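*Asks:* Structure supplied as model.pdb; contents: PDB, C-alpha atoms.
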ATOM      1  CA  MET A   1      16.830  62.436  -7.545
ATOM      2  CA  ASN A   2      19.283  60.663  -5.320
ATOM      3  CA  GLU A   3      20.823  63.698  -3.666
ATOM      4  CA  GLN A   4      20.078  63.616   0.053
ATOM      5  CA  PRO A   5      18.695  66.791   1.652
ATOM      6  CA  GLU A   6      20.822  68.558   4.254
ATOM      7  CA  ARG A   7      20.232  66.707   7.446
ATOM      8  CA  HIS A   8      21.748  65.949  10.799
ATOM      9  CA  GLY A   9      21.219  62.768  12.766
ATOM     10  CA  PRO A  10      22.281  59.154  12.385
ATOM     11  CA  LEU A  11      23.503  57.900   9.047
ATOM     12  CA  LEU A  12      20.687  56.028   7.338
ATOM     13  CA  GLU A  13      21.803  53.367   4.902
ATOM     14  CA  ASN A  14      21.051  49.898   3.605
ATOM     15  CA  ARG A  15      24.147  47.815   3.177
ATOM     16  CA  LEU A  16      24.060  45.047   0.626
ATOM     17  CA  PRO A  17      22.561  41.911   2.194
ATOM     18  CA  ALA A  18      25.004  39.396   3.592
ATOM     19  CA  GLU A  19      25.038  36.243   1.528
ATOM     20  CA  GLY A  20      24.896  32.712   2.835
ATOM     21  CA  ILE A  21      23.084  33.406   6.103
ATOM     22  CA  ASN A  22      19.448  32.856   5.183
ATOM     23  CA  SER A  23      20.382  30.505   2.392
ATOM     24  CA  SER A  24      22.975  27.846   1.964
ATOM     25  CA  ASP A  25      25.638  27.432  -0.691
ATOM     26  CA  GLU A  26      25.634  23.685  -0.218
ATOM     27  CA  HIS A  27      25.084  21.823  -3.466
ATOM     28  CA  PRO A  28      21.452  20.647  -3.636
ATOM     29  CA  LEU A  29      22.499  17.247  -4.960
ATOM     30  CA  LYS A  30      24.500  16.573  -1.792
ATOM     31  CA  GLU A  31      21.374  16.914   0.316
ATOM     32  CA  PHE A  32      19.453  14.848  -2.240
ATOM     33  CA  ALA A  33      22.009  12.024  -2.105
ATOM     34  CA  TRP A  34      22.040  12.068   1.672
ATOM     35  CA  LEU A  35      18.237  11.869   1.905
ATOM     36  CA  ILE A  36      17.976   9.094  -0.697
ATOM     37  CA  GLY A  37      20.696   7.125   1.092
ATOM     38  CA  ALA A  38      19.041   7.564   4.479
ATOM     39  CA  SER A  39      15.663   6.499   3.047
ATOM     40  CA  LEU A  40      17.111   3.382   1.452
ATOM     41  CA  MET A  41      18.832   2.491   4.723
ATOM     42  CA  THR A  42      15.550   2.952   6.600
ATOM     43  CA  LEU A  43      13.740   0.787   4.077
ATOM     44  CA  ALA A  44      16.414  -1.906   4.325
ATOM     45  CA  VAL A  45      16.189  -1.938   8.117
ATOM     46  CA  LEU A  46      12.382  -2.112   7.972
ATOM     47  CA  LEU A  47      12.475  -4.975   5.464
ATOM     48  CA  ALA A  48      14.979  -6.867   7.586
ATOM     49  CA  LEU A  49      12.801  -6.372  10.664
ATOM     50  CA  VAL A  50       9.660  -7.542   8.858
ATOM     51  CA  GLY A  51      11.511 -10.565   7.449
ATOM     52  CA  TRP A  52      12.797 -11.467  10.884
ATOM     53  CA  GLY A  53       9.328 -10.871  12.336
ATOM     54  CA  ALA A  54       7.714 -13.149   9.757
ATOM     55  CA  ARG A  55      10.057 -16.008  10.611
ATOM     56  CA  TRP A  56       9.516 -15.432  14.309
ATOM     57  CA  LEU A  57       5.735 -15.121  14.115
ATOM     58  CA  ALA A  58       4.986 -17.941  11.672
ATOM     59  CA  PRO A  59       5.337 -20.814  14.163
ATOM     60  CA  LEU A  60       3.091 -18.920  16.596
ATOM     61  CA  VAL A  61       0.182 -18.775  14.151
ATOM     62  CA  PRO A  62      -2.225 -21.684  14.848
ATOM     63  CA  PHE A  63      -2.118 -24.246  12.077
ATOM     64  CA  SER A  64      -5.931 -24.098  11.951
ATOM     65  CA  ALA A  65      -5.662 -20.484  10.771
ATOM     66  CA  GLU A  66      -3.446 -21.647   7.929
ATOM     67  CA  VAL A  67      -5.965 -24.346   7.043
ATOM     68  CA  ALA A  68      -8.801 -21.802   7.010
ATOM     69  CA  LEU A  69      -6.773 -19.618   4.657
ATOM     70  CA  ALA A  70      -5.964 -22.596   2.443
ATOM     71  CA  GLU A  71      -9.646 -23.514   2.156
ATOM     72  CA  ARG A  72     -10.314 -20.038   0.819
ATOM     73  CA  MET A  73      -7.260 -19.514  -1.362
ATOM     74  CA  VAL A  74      -5.672 -22.815  -2.340
ATOM     75  CA  ASP A  75      -8.250 -25.594  -2.479
ATOM     76  CA  ARG A  76      -9.787 -26.340  -5.854
ATOM     77  CA  PRO A  77     -12.302 -29.094  -6.609
ATOM     78  CA  GLU A  78     -10.311 -32.121  -7.604
ATOM     79  CA  LYS A  79     -10.876 -33.753 -10.969
ATOM     80  CA  PRO A  80     -12.537 -37.161 -10.450
ATOM     81  CA  GLU A  81      -9.932 -38.920 -12.599
ATOM     82  CA  HIS A  82      -7.162 -37.703 -10.253
ATOM     83  CA  ALA A  83      -8.836 -38.853  -7.050
ATOM     84  CA  ALA A  84      -7.224 -42.303  -7.063
ATOM     85  CA  ARG A  85      -3.701 -40.894  -7.596
ATOM     86  CA  SER A  86      -4.139 -38.259  -4.901
ATOM     87  CA  ALA A  87      -5.394 -40.945  -2.497
ATOM     88  CA  ALA A  88      -2.350 -43.126  -3.261
ATOM     89  CA  LEU A  89      -0.020 -40.186  -2.574
ATOM     90  CA  GLN A  90      -1.953 -39.503   0.614
ATOM     91  CA  VAL A  91      -1.275 -43.044   1.871
ATOM     92  CA  VAL A  92       2.497 -42.675   1.387
ATOM     93  CA  ALA A  93       2.481 -39.186   2.925
ATOM     94  CA  LYS A  94       0.613 -40.428   5.968
ATOM     95  CA  ARG A  95       3.265 -43.062   6.630
ATOM     96  CA  VAL A  96       6.082 -40.553   6.152
ATOM     97  CA  ALA A  97       4.346 -37.992   8.375
ATOM     98  CA  ALA A  98       3.969 -40.575  11.123
ATOM     99  CA  GLN A  99       7.757 -41.129  11.033
ATOM    100  CA  MET A 100       8.394 -37.380  11.215
ATOM    101  CA  SER A 101       6.370 -36.864  14.437
ATOM    102  CA  LEU A 102       4.156 -34.223  12.862
ATOM    103  CA  PRO A 103       2.359 -32.382  15.695
ATOM    104  CA  ALA A 104      -1.180 -33.608  16.399
ATOM    105  CA  ASP A 105      -2.855 -30.432  15.119
ATOM    106  CA  MET A 106      -1.041 -30.592  11.774
ATOM    107  CA  SER A 107      -2.025 -32.686   8.819
ATOM    108  CA  VAL A 108      -1.028 -32.861   5.191
ATOM    109  CA  VAL A 109      -3.399 -33.067   2.230
ATOM    110  CA  LEU A 110      -1.909 -34.477  -0.962
ATOM    111  CA  GLY A 111      -2.962 -33.547  -4.446
ATOM    112  CA  TYR A 112      -1.981 -34.743  -7.887
ATOM    113  CA  ASP A 113      -1.403 -32.291 -10.727
ATOM    114  CA  GLU A 114      -1.337 -33.380 -14.358
ATOM    115  CA  SER A 115       1.253 -30.753 -15.350
ATOM    116  CA  SER A 116       4.406 -32.149 -16.939
ATOM    117  CA  LEU A 117       6.576 -29.808 -14.866
ATOM    118  CA  VAL A 118       9.166 -31.635 -12.778
ATOM    119  CA  ASN A 119       8.075 -30.101  -9.513
ATOM    120  CA  ALA A 120       6.256 -30.513  -6.210
ATOM    121  CA  TYR A 121       5.341 -27.918  -3.664
ATOM    122  CA  ALA A 122       3.898 -27.445  -0.210
ATOM    123  CA  THR A 123       1.562 -24.551   0.347
ATOM    124  CA  LEU A 124      -0.760 -23.178   3.030
ATOM    125  CA  GLY A 125      -2.551 -25.546   5.389
ATOM    126  CA  GLY A 126      -0.299 -28.508   4.693
ATOM    127  CA  ARG A 127      -1.461 -28.765   1.087
ATOM    128  CA  ILE A 128       1.149 -30.611  -0.977
ATOM    129  CA  ARG A 129       0.903 -30.978  -4.733
ATOM    130  CA  VAL A 130       3.002 -33.348  -6.774
ATOM    131  CA  PHE A 131       3.225 -32.894 -10.554
ATOM    132  CA  LYS A 132       2.996 -35.711 -13.051
ATOM    133  CA  GLY A 133       6.329 -34.632 -14.557
ATOM    134  CA  LEU A 134       8.084 -35.266 -11.270
ATOM    135  CA  LEU A 135       6.369 -38.577 -10.594
ATOM    136  CA  ARG A 136       7.676 -39.801 -13.967
ATOM    137  CA  GLU A 137      11.233 -39.100 -12.826
ATOM    138  CA  LEU A 138      10.848 -41.012  -9.553
ATOM    139  CA  HIS A 139      11.524 -44.705 -10.011
ATOM    140  CA  SER A 140      10.896 -46.044  -6.507
ATOM    141  CA  GLU A 141       8.553 -45.501  -3.616
ATOM    142  CA  ASP A 142      11.589 -44.629  -1.467
ATOM    143  CA  ALA A 143      12.353 -41.707  -3.752
ATOM    144  CA  LEU A 144       8.747 -40.554  -3.482
ATOM    145  CA  ALA A 145       8.922 -40.928   0.315
ATOM    146  CA  SER A 146      12.049 -38.770   0.545
ATOM    147  CA  LEU A 147      10.443 -36.150  -1.686
ATOM    148  CA  LEU A 148       7.336 -36.096   0.490
ATOM    149  CA  ALA A 149       9.512 -35.919   3.607
ATOM    150  CA  HIS A 150      11.084 -32.766   2.188
ATOM    151  CA  GLU A 151       7.678 -31.191   1.532
ATOM    152  CA  ILE A 152       6.282 -32.270   4.904
ATOM    153  CA  ALA A 153       9.303 -30.681   6.558
ATOM    154  CA  HIS A 154       8.317 -27.372   4.933
ATOM    155  CA  VAL A 155       4.845 -27.765   6.461
ATOM    156  CA  ARG A 156       6.129 -28.795   9.866
ATOM    157  CA  ARG A 157       8.651 -25.942  10.085
ATOM    158  CA  ARG A 158       5.965 -23.437   8.997
ATOM    159  CA  HIS A 159       7.973 -22.250   6.017
ATOM    160  CA  VAL A 160       4.811 -21.486   4.066
ATOM    161  CA  ALA A 161       3.396 -19.231   6.766
ATOM    162  CA  SER A 162       6.661 -17.287   7.065
ATOM    163  CA  GLY A 163       6.799 -17.196   3.258
ATOM    164  CA  VAL A 164       3.465 -15.378   3.254
ATOM    165  CA  GLY A 165       5.008 -12.808   5.593
ATOM    166  CA  LEU A 166       8.084 -12.489   3.391
ATOM    167  CA  ARG A 167       5.963 -11.978   0.265
ATOM    168  CA  TRP A 168       4.088  -9.303   2.135
ATOM    169  CA  ARG A 169       7.436  -7.673   2.775
ATOM    170  CA  CYS A 170       8.086  -7.730  -0.945
ATOM    171  CA  CYS A 171       4.772  -5.930  -1.518
ATOM    172  CA  TRP A 172       6.335  -3.118   0.430
ATOM    173  CA  ALA A 173       9.386  -3.016  -1.733
ATOM    174  CA  TRP A 174       7.245  -2.910  -4.880
ATOM    175  CA  CYS A 175       8.516  -6.133  -6.242
ATOM    176  CA  PRO A 176       5.566  -7.463  -8.282
ATOM    177  CA  PRO A 177       7.266 -10.655  -9.557
ATOM    178  CA  MET A 178       7.537 -11.904  -5.989
ATOM    179  CA  LEU A 179       3.793 -11.626  -5.416
ATOM    180  CA  ALA A 180       3.219 -15.120  -6.779
ATOM    181  CA  GLN A 181       0.987 -17.457  -4.868
ATOM    182  CA  PRO A 182       2.571 -18.420  -1.585
ATOM    183  CA  SER A 183       4.176 -21.779  -2.089
ATOM    184  CA  ARG A 184       7.430 -23.532  -1.496
ATOM    185  CA  SER A 185       8.636 -25.383  -4.478
ATOM    186  CA  LEU A 186      11.224 -28.034  -4.969
ATOM    187  CA  ARG A 187      13.369 -27.817  -8.029
TER
ATOM    188  CA  MET B   1       4.363  -4.763 -19.010
ATOM    189  CA  PRO B   2       8.074  -3.956 -18.509
ATOM    190  CA  TRP B   3       7.543  -0.902 -20.739
ATOM    191  CA  ALA B   4       4.774   0.384 -18.510
ATOM    192  CA  GLU B   5       7.014  -0.072 -15.473
ATOM    193  CA  LEU B   6       9.878   1.683 -17.237
ATOM    194  CA  ILE B   7       7.644   4.671 -17.942
ATOM    195  CA  ASN B   8       6.501   4.660 -14.326
ATOM    196  CA  LEU B   9      10.131   5.015 -13.319
ATOM    197  CA  ALA B  10      11.307   7.255 -16.163
ATOM    198  CA  LEU B  11       8.607   9.885 -15.786
ATOM    199  CA  PRO B  12       9.415  10.963 -12.219
ATOM    200  CA  LEU B  13      13.141  10.720 -12.977
ATOM    201  CA  SER B  14      12.876  13.022 -15.980
ATOM    202  CA  LEU B  15      10.653  15.416 -14.047
ATOM    203  CA  LEU B  16      13.277  15.453 -11.304
ATOM    204  CA  THR B  17      16.068  16.133 -13.785
ATOM    205  CA  VAL B  18      14.159  18.879 -15.586
ATOM    206  CA  GLY B  19      13.078  20.407 -12.276
ATOM    207  CA  TYR B  20      16.630  20.369 -10.972
ATOM    208  CA  VAL B  21      18.407  21.710 -14.075
ATOM    209  CA  VAL B  22      15.862  24.378 -14.994
ATOM    210  CA  GLY B  23      15.231  25.336 -11.371
ATOM    211  CA  ARG B  24      18.940  25.775 -10.700
ATOM    212  CA  VAL B  25      19.570  27.849 -13.826
ATOM    213  CA  LEU B  26      16.610  30.109 -13.037
ATOM    214  CA  GLU B  27      17.699  30.454  -9.431
ATOM    215  CA  ARG B  28      21.222  31.511 -10.406
ATOM    216  CA  ARG B  29      19.901  34.031 -12.909
ATOM    217  CA  HIS B  30      17.481  35.390 -10.358
ATOM    218  CA  TYR B  31      20.220  35.804  -7.747
ATOM    219  CA  ALA B  32      22.425  37.600 -10.275
ATOM    220  CA  SER B  33      19.569  39.945 -11.170
ATOM    221  CA  ILE B  34      18.720  40.529  -7.503
ATOM    222  CA  ARG B  35      22.324  41.451  -6.642
ATOM    223  CA  ALA B  36      22.586  43.840  -9.578
ATOM    224  CA  ARG B  37      19.346  45.613  -8.695
ATOM    225  CA  GLU B  38      20.238  45.770  -5.008
ATOM    226  CA  ARG B  39      23.355  47.757  -5.906
ATOM    227  CA  GLU B  40      21.310  49.935  -8.232
ATOM    228  CA  LEU B  41      18.679  50.713  -5.599
ATOM    229  CA  GLN B  42      21.057  51.031  -2.657
ATOM    230  CA  SER B  43      20.330  54.766  -2.442
ATOM    231  CA  ILE B  44      16.721  54.016  -1.514
ATOM    232  CA  VAL B  45      16.852  53.243   2.196
ATOM    233  CA  ALA B  46      14.295  50.921   3.763
ATOM    234  CA  LEU B  47      13.992  50.955   7.554
ATOM    235  CA  ASN B  48      11.553  49.321   9.901
ATOM    236  CA  THR B  49      11.329  52.253  12.332
ATOM    237  CA  ARG B  50       7.828  53.471  13.124
ATOM    238  CA  TYR B  51       8.775  57.146  13.330
ATOM    239  CA  ILE B  52      10.550  59.537  11.029
ATOM    240  CA  PRO B  53      14.249  59.414  11.976
ATOM    241  CA  ASP B  54      15.942  62.465  13.447
ATOM    242  CA  GLY B  55      16.899  65.080  10.920
ATOM    243  CA  VAL B  56      14.693  63.838   8.085
ATOM    244  CA  GLU B  57      12.486  66.479   6.515
ATOM    245  CA  ALA B  58       9.415  64.753   5.084
ATOM    246  CA  ARG B  59       6.964  66.737   2.966
ATOM    247  CA  GLY B  60       4.646  63.822   2.405
ATOM    248  CA  ALA B  61       4.212  60.099   2.870
ATOM    249  CA  SER B  62       2.613  57.294   0.911
ATOM    250  CA  VAL B  63       2.307  53.578   1.267
ATOM    251  CA  VAL B  64       4.445  51.565  -1.117
ATOM    252  CA  SER B  65       4.474  47.832  -1.521
ATOM    253  CA  GLY B  66       6.101  45.209  -3.634
ATOM    254  CA  SER B  67       5.000  41.618  -3.855
ATOM    255  CA  VAL B  68       6.184  38.478  -5.576
ATOM    256  CA  VAL B  69       4.781  34.975  -5.941
ATOM    257  CA  VAL B  70       7.358  32.226  -6.204
ATOM    258  CA  SER B  71       6.863  28.547  -6.745
ATOM    259  CA  SER B  72       8.948  25.577  -5.749
ATOM    260  CA  ASP B  73      10.099  23.228  -8.489
ATOM    261  CA  TYR B  74       9.613  19.461  -8.744
ATOM    262  CA  PHE B  75      13.098  18.748  -7.413
ATOM    263  CA  LYS B  76      12.795  21.023  -4.383
ATOM    264  CA  THR B  77       9.361  19.616  -3.576
ATOM    265  CA  PHE B  78      10.662  16.072  -3.900
ATOM    266  CA  VAL B  79      13.561  16.737  -1.527
ATOM    267  CA  ALA B  80      11.206  18.542   0.862
ATOM    268  CA  GLY B  81       9.062  15.387   0.910
ATOM    269  CA  PHE B  82      12.018  13.495   2.371
ATOM    270  CA  ARG B  83      12.563  16.309   4.843
ATOM    271  CA  ASN B  84       9.111  15.556   6.221
ATOM    272  CA  LEU B  85      10.516  12.194   7.243
ATOM    273  CA  PHE B  86      13.970  13.130   8.500
ATOM    274  CA  GLY B  87      13.646  16.762   9.584
ATOM    275  CA  GLY B  88      16.396  19.355   9.236
ATOM    276  CA  ARG B  89      16.840  22.483   7.154
ATOM    277  CA  PHE B  90      14.646  22.870   4.089
ATOM    278  CA  ARG B  91      17.622  24.286   2.180
ATOM    279  CA  GLY B  92      15.795  24.500  -1.118
ATOM    280  CA  TYR B  93      12.961  26.455   0.431
ATOM    281  CA  GLU B  94      15.364  28.711   2.316
ATOM    282  CA  THR B  95      16.888  30.004  -0.897
ATOM    283  CA  LEU B  96      13.422  30.197  -2.464
ATOM    284  CA  LEU B  97      12.062  32.391   0.318
ATOM    285  CA  GLU B  98      15.206  34.477   0.568
ATOM    286  CA  ARG B  99      14.934  35.281  -3.133
ATOM    287  CA  ALA B 100      11.270  36.118  -2.668
ATOM    288  CA  ARG B 101      11.922  38.498   0.240
ATOM    289  CA  ARG B 102      14.775  40.278  -1.539
ATOM    290  CA  GLU B 103      12.738  40.534  -4.731
ATOM    291  CA  ALA B 104       9.710  41.912  -2.873
ATOM    292  CA  LEU B 105      11.886  44.486  -1.122
ATOM    293  CA  LEU B 106      13.397  45.526  -4.462
ATOM    294  CA  ARG B 107       9.981  45.957  -6.037
ATOM    295  CA  MET B 108       8.904  48.043  -3.063
ATOM    296  CA  LYS B 109      12.012  50.221  -3.380
ATOM    297  CA  LEU B 110      11.265  50.660  -7.071
ATOM    298  CA  ARG B 111       7.773  51.966  -6.215
ATOM    299  CA  ALA B 112       9.375  54.297  -3.652
ATOM    300  CA  ARG B 113      11.810  55.652  -6.227
ATOM    301  CA  GLU B 114       8.939  56.245  -8.624
ATOM    302  CA  ALA B 115       7.185  58.190  -5.839
ATOM    303  CA  GLY B 116      10.277  60.360  -5.509
ATOM    304  CA  SER B 117      11.284  58.934  -2.179
ATOM    305  CA  THR B 118      14.685  57.877  -0.916
ATOM    306  CA  LEU B 119      13.484  56.643   2.451
ATOM    307  CA  VAL B 120      10.845  54.063   3.344
ATOM    308  CA  ILE B 121      10.052  53.556   7.006
ATOM    309  CA  GLY B 122       7.956  50.992   8.845
ATOM    310  CA  VAL B 123       8.877  48.267   6.370
ATOM    311  CA  ARG B 124       7.193  44.926   7.039
ATOM    312  CA  PHE B 125       7.094  41.606   5.271
ATOM    313  CA  HIS B 126       4.043  39.470   4.790
ATOM    314  CA  THR B 127       4.136  35.889   3.564
ATOM    315  CA  THR B 128       1.129  33.901   2.400
ATOM    316  CA  ARG B 129       0.912  30.397   1.064
ATOM    317  CA  VAL B 130      -0.778  30.185  -2.300
ATOM    318  CA  SER B 131      -2.863  27.056  -2.338
ATOM    319  CA  GLY B 132      -4.387  25.223  -5.242
ATOM    320  CA  SER B 133      -1.265  23.926  -6.910
ATOM    321  CA  GLN B 134       0.629  20.687  -6.380
ATOM    322  CA  THR B 135       3.984  22.335  -5.838
ATOM    323  CA  PRO B 136       4.073  24.780  -2.950
ATOM    324  CA  SER B 137       4.152  28.461  -3.817
ATOM    325  CA  VAL B 138       4.171  31.533  -1.617
ATOM    326  CA  GLU B 139       3.490  35.205  -1.975
ATOM    327  CA  VAL B 140       5.895  37.525  -0.181
ATOM    328  CA  MET B 141       4.917  41.147   0.139
ATOM    329  CA  ALA B 142       7.014  44.014   1.464
ATOM    330  CA  TYR B 143       5.297  47.241   2.358
ATOM    331  CA  GLY B 144       6.172  50.461   4.121
ATOM    332  CA  THR B 145       5.697  54.208   4.260
ATOM    333  CA  ALA B 146       7.666  56.083   1.633
ATOM    334  CA  LEU B 147       8.583  59.561   2.780
ATOM    335  CA  ASP B 148       8.706  62.344   0.259
ATOM    336  CA  THR B 149      12.166  63.695   0.960
ATOM    337  CA  ARG B 150      12.527  65.898  -2.122
ATOM    338  CA  ALA B 151      13.987  69.214  -1.126
TER
END
Represent the structure contained in this file as structure tokens.
*Replies:*
Amino acid sequence: MNEQPERHGPLLENRLPAEGINSSDEHPLKEFAWLIGASLMTLAVLLALVGWGARWLAPLVPFSAEVALAERMVDRPEKPEHAARSAALQVVAKRVAAQMSLPADMSVVLGYDESSLVNAYATLGGRIRVFKGLLRELHSEDALASLLAHEIAHVRRRHVASGVGLRWRCCWAWCPPMLAQPSRSLR
Amino acid sequence: MPWAELINLALPLSLLTVGYVVGRVLERRHYASIRARERELQSIVALNTRYIPDGVEARGASVVSGSVVVSSDYFKTFVAGFRNLFGGRFRGYETLLERARREALLRMKLRAREAGSTLVIGVRFHTTRVSGSQTPSVEVMAYGTALDTRA
């Protein structure tokens, strides 16, 4: 079958295809590693930029916007039996805030929490909550004042607002444990 | 909850591993088979000229074609997804399509041999994307005019 008929003219042939021209011998895992590495680097740069942006933008957000957000997300109706304690904390906080030259458009709202956790935190809109467990550990009004000064500093320096931005960054990086309610806590 | 997250991570990882290992073994086997058959069918000449070359006595002609449908694997598709971001050579797809073209040409040559021909002219390739599946797959067809060169 394969014998060629008698013919004259150019030699007609198919040589075996050259290898490695239309395809590459490079190991596929090398490309894979390179692409994964480049993606992680890109993600890291993006996260760093967003983190930096959050810290830069937070002080530029009007405090009233934070308050509006707090009224929607943070504020809960206070239990009547806690009203007196919250009011007492508010009096101390007001004196401390006056010493700290809190800007005119900022204010703090104190709240008492009956949890036995030794903790206090500042959250959106200048909301500060102090836990019963922590109040038990404080033996003087000076100690309470210094604690409140710490929390008010968080409010004044807009740490909560930039924290919201940073948590948003964590949403990107699929880090569910960091999606907790935006708050700054003192340990 | 951690178990659910572990499965979320483990499933794509195992798919990647299976796709890579199986895909690579199949690709190597396919290349080996292609090279063997290319040597076997080297006497069937495929040209893309439109006219019968000088000195060829043709008693008849018929259209022959060979086609193949190949699919990407999970690993190749995954890597190609990154390529959408960074650009560059789709190396995995290059080997995939090269295999498809060589296979299609071989199948066409086989048809030509069955038709008693040792020369196919006017050979063309045609590539079509096959839609409807998650992983990309393509059909590559080679076709040409087989000349009846039997003396």
*Asks:* Counting all atoms listed in the file, what are the residues of chain B within 7 Å of chain A, and for each of them which pair of atoms is the nearest and at what distance in Å, to one decimal? Sort the table by chain and rising number, as JSON lines.
*Replies:*
{"residue": "B:Glu38", "atom": "CA", "partner": "A:Leu16", "partner_atom": "CA", "distance": 6.8}
{"residue": "B:Gln42", "atom": "CA", "partner": "A:Asn14", "partner_atom": "CA", "distance": 6.4}
{"residue": "B:Ser43", "atom": "CA", "partner": "A:Asn2", "partner_atom": "CA", "distance": 6.6}
{"residue": "B:Val45", "atom": "CA", "partner": "A:Asn14", "partner_atom": "CA", "distance": 5.6}
{"residue": "B:Ala46", "atom": "CA", "partner": "A:Asn14", "partner_atom": "CA", "distance": 6.8}
{"residue": "B:Asp54", "atom": "CA", "partner": "A:Gly9", "partner_atom": "CA", "distance": 5.3}
{"residue": "B:Gly55", "atom": "CA", "partner": "A:His8", "partner_atom": "CA", "distance": 4.9}
{"residue": "B:Val56", "atom": "CA", "partner": "A:Arg7", "partner_atom": "CA", "distance": 6.3}
{"residue": "B:Val79", "atom": "CA", "partner": "A:Phe32", "partner_atom": "CA", "distance": 6.2}
{"residue": "B:Phe82", "atom": "CA", "partner": "A:Leu35", "partner_atom": "CA", "distance": 6.4}
{"residue": "B:Arg91", "atom": "CA", "partner": "A:Ser24", "partner_atom": "CA", "distance": 6.4}
{"residue": "B:Glu94", "atom": "CA", "partner": "A:Ser23", "partner_atom": "CA", "distance": 5.3}
{"residue": "B:Thr95", "atom": "CA", "partner": "A:Ser23", "partner_atom": "CA", "distance": 4.8}
{"residue": "B:Glu98", "atom": "CA", "partner": "A:Asn22", "partner_atom": "CA", "distance": 6.5}
{"residue": "B:Thr118", "atom": "CA", "partner": "A:Asn2", "partner_atom": "CA", "distance": 6.9}
{"residue": "B:Ala151", "atom": "CA", "partner": "A:Pro5", "partner_atom": "CA", "distance": 6.0}
*Asks:* Exactly which residues make up the result of the PyMOL selection byres ((chain B and resi 64) around 7) on this file, given as a CSV table (one decimal) with C-alpha atoms, in the coordinates of the input?
*Replies:*
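Done, and the output landed in part-v1.csv:
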chain,number,residue,atom,x,y,z
B,62,SER,CA,2.6,57.3,0.9
B,63,VAL,CA,2.3,53.6,1.3
B,65,SER,CA,4.5,47.8,-1.5
B,108,MET,CA,8.9,48.0,-3.1
B,111,ARG,CA,7.8,52.0,-6.2
B,112,ALA,CA,9.4,54.3,-3.7
B,143,TYR,CA,5.3,47.2,2.4
B,144,GLY,CA,6.2,50.5,4.1
B,145,THR,CA,5.7,54.2,4.3
B,146,ALA,CA,7.7,56.1,1.6
*Asks:* So how far away is CA of Ala58 (chain A) from CA of Leu102 (chain A), in Å?
*Replies:* 16.3 Å
*Asks:* Name the residues, using the chain letters and numbers of the file, that sit within 9 Å of (9.4, 63.4, 4.1) when counting only C-alpha atoms, and give them as a PyMOL selection string.
*Replies:* chain B and resi 52+56-61+117+119+146-150
*Asks:* Enumerate, as a PyMOL selection string, the residues matched when the PyMOL selection byres ((chain A and resi 105) around 8) is run on the file above.
*Replies:* chain A and resi 63-64+103-104+106-107
*Asks:* Go ahead and write the selection's residues with C-alpha atoms as a CSV table (one decimal), in the frame of the given file.
*Replies:*
chain,number,residue,atom,x,y,z
A,63,PHE,CA,-2.1,-24.2,12.1
A,64,SER,CA,-5.9,-24.1,12.0
A,103,PRO,CA,2.4,-32.4,15.7
A,104,ALA,CA,-1.2,-33.6,16.4
A,106,MET,CA,-1.0,-30.6,11.8
A,107,SER,CA,-2.0,-32.7,8.8
*Asks:* Enter the distance from CA of Tyr20 (chain B) to CA of Gly81 (chain B), in Å, rounded to one decimal.
*Replies:*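 Taking CA of Tyr20 (chain B) and CA of Gly81 (chain B), their separation equals 14.9 Å.
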*Asks:* Hey, which of B:Thr77, B:Asn8, B:Asn84, B:Ser71 ends up closest to Ser137 (chain B)? Count all atoms listed in the file.
*Replies:*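 So, comparing all the options, the nearest one is B:Ser71.
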*Asks:* Do you know which residues the PyMOL selection byres ((chain A and resi 73-86) around 10) returns on this file, as an MDAnalysis selection string?
*Replies:* chainID A and resid 67:72 87:91 109:114 123:125 127 129:130 181:183
*Asks:* Looking at B:Gly122, B:Ser67, B:Val140, B:Lys109, which one is nearest to Leu97 (chain B), with distances taken over only C-alpha atoms?
*Replies:*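 Closest to Leu97 (chain B), using only C-alpha atoms: B:Val140.
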*Asks:* Just give me the gap between CA of Leu106 (chain B) and CA of Thr127 (chain B) in Å, one decimal is fine.
*Replies:*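 Answer for the CA of Leu106 (chain B) to CA of Thr127 (chain B) separation: 15.6 Å.
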*Asks:* Do a neighbour search on Ser115 (chain A) at 6 Å with all atoms listed in the file, toss out local chain neighbours closer than 2 positions, and write the hits as a PDB file with C-alpha atoms, keeping the file's coordinate frame.
*Replies:*
ATOM      1  CA  ASP A 113      -1.403 -32.291 -10.727  1.00  0.00           C
ATOM      2  CA  LEU A 117       6.576 -29.808 -14.866  1.00  0.00           C
ATOM      3  CA  PHE A 131       3.225 -32.894 -10.554  1.00  0.00           C
ATOM      4  CA  LYS A 132       2.996 -35.711 -13.051  1.00  0.00           C
TER       5      LYS A 132
END
*Asks:* So that I can check the surroundings of Trp52 (chain A), please list as a PDB file with C-alpha atoms, in the coordinates of the input every protein, DNA and RNA residue that reaches within 12 Å of it, counting all atoms listed in the file and ignoring chain neighbours fewer than 5 positions away.
*Replies:*
ATOM      1  CA  VAL A  45      16.189  -1.938   8.117  1.00  0.00           C
ATOM      2  CA  LEU A  46      12.382  -2.112   7.972  1.00  0.00           C
ATOM      3  CA  LEU A  47      12.475  -4.975   5.464  1.00  0.00           C
ATOM      4  CA  LEU A  57       5.735 -15.121  14.115  1.00  0.00           C
ATOM      5  CA  ALA A  58       4.986 -17.941  11.672  1.00  0.00           C
ATOM      6  CA  SER A 162       6.661 -17.287   7.065  1.00  0.00           C
ATOM      7  CA  GLY A 163       6.799 -17.196   3.258  1.00  0.00           C
ATOM      8  CA  GLY A 165       5.008 -12.808   5.593  1.00  0.00           C
ATOM      9  CA  LEU A 166       8.084 -12.489   3.391  1.00  0.00           C
ATOM     10  CA  ARG A 169       7.436  -7.673   2.775  1.00  0.00           C
TER      11      ARG A 169
END
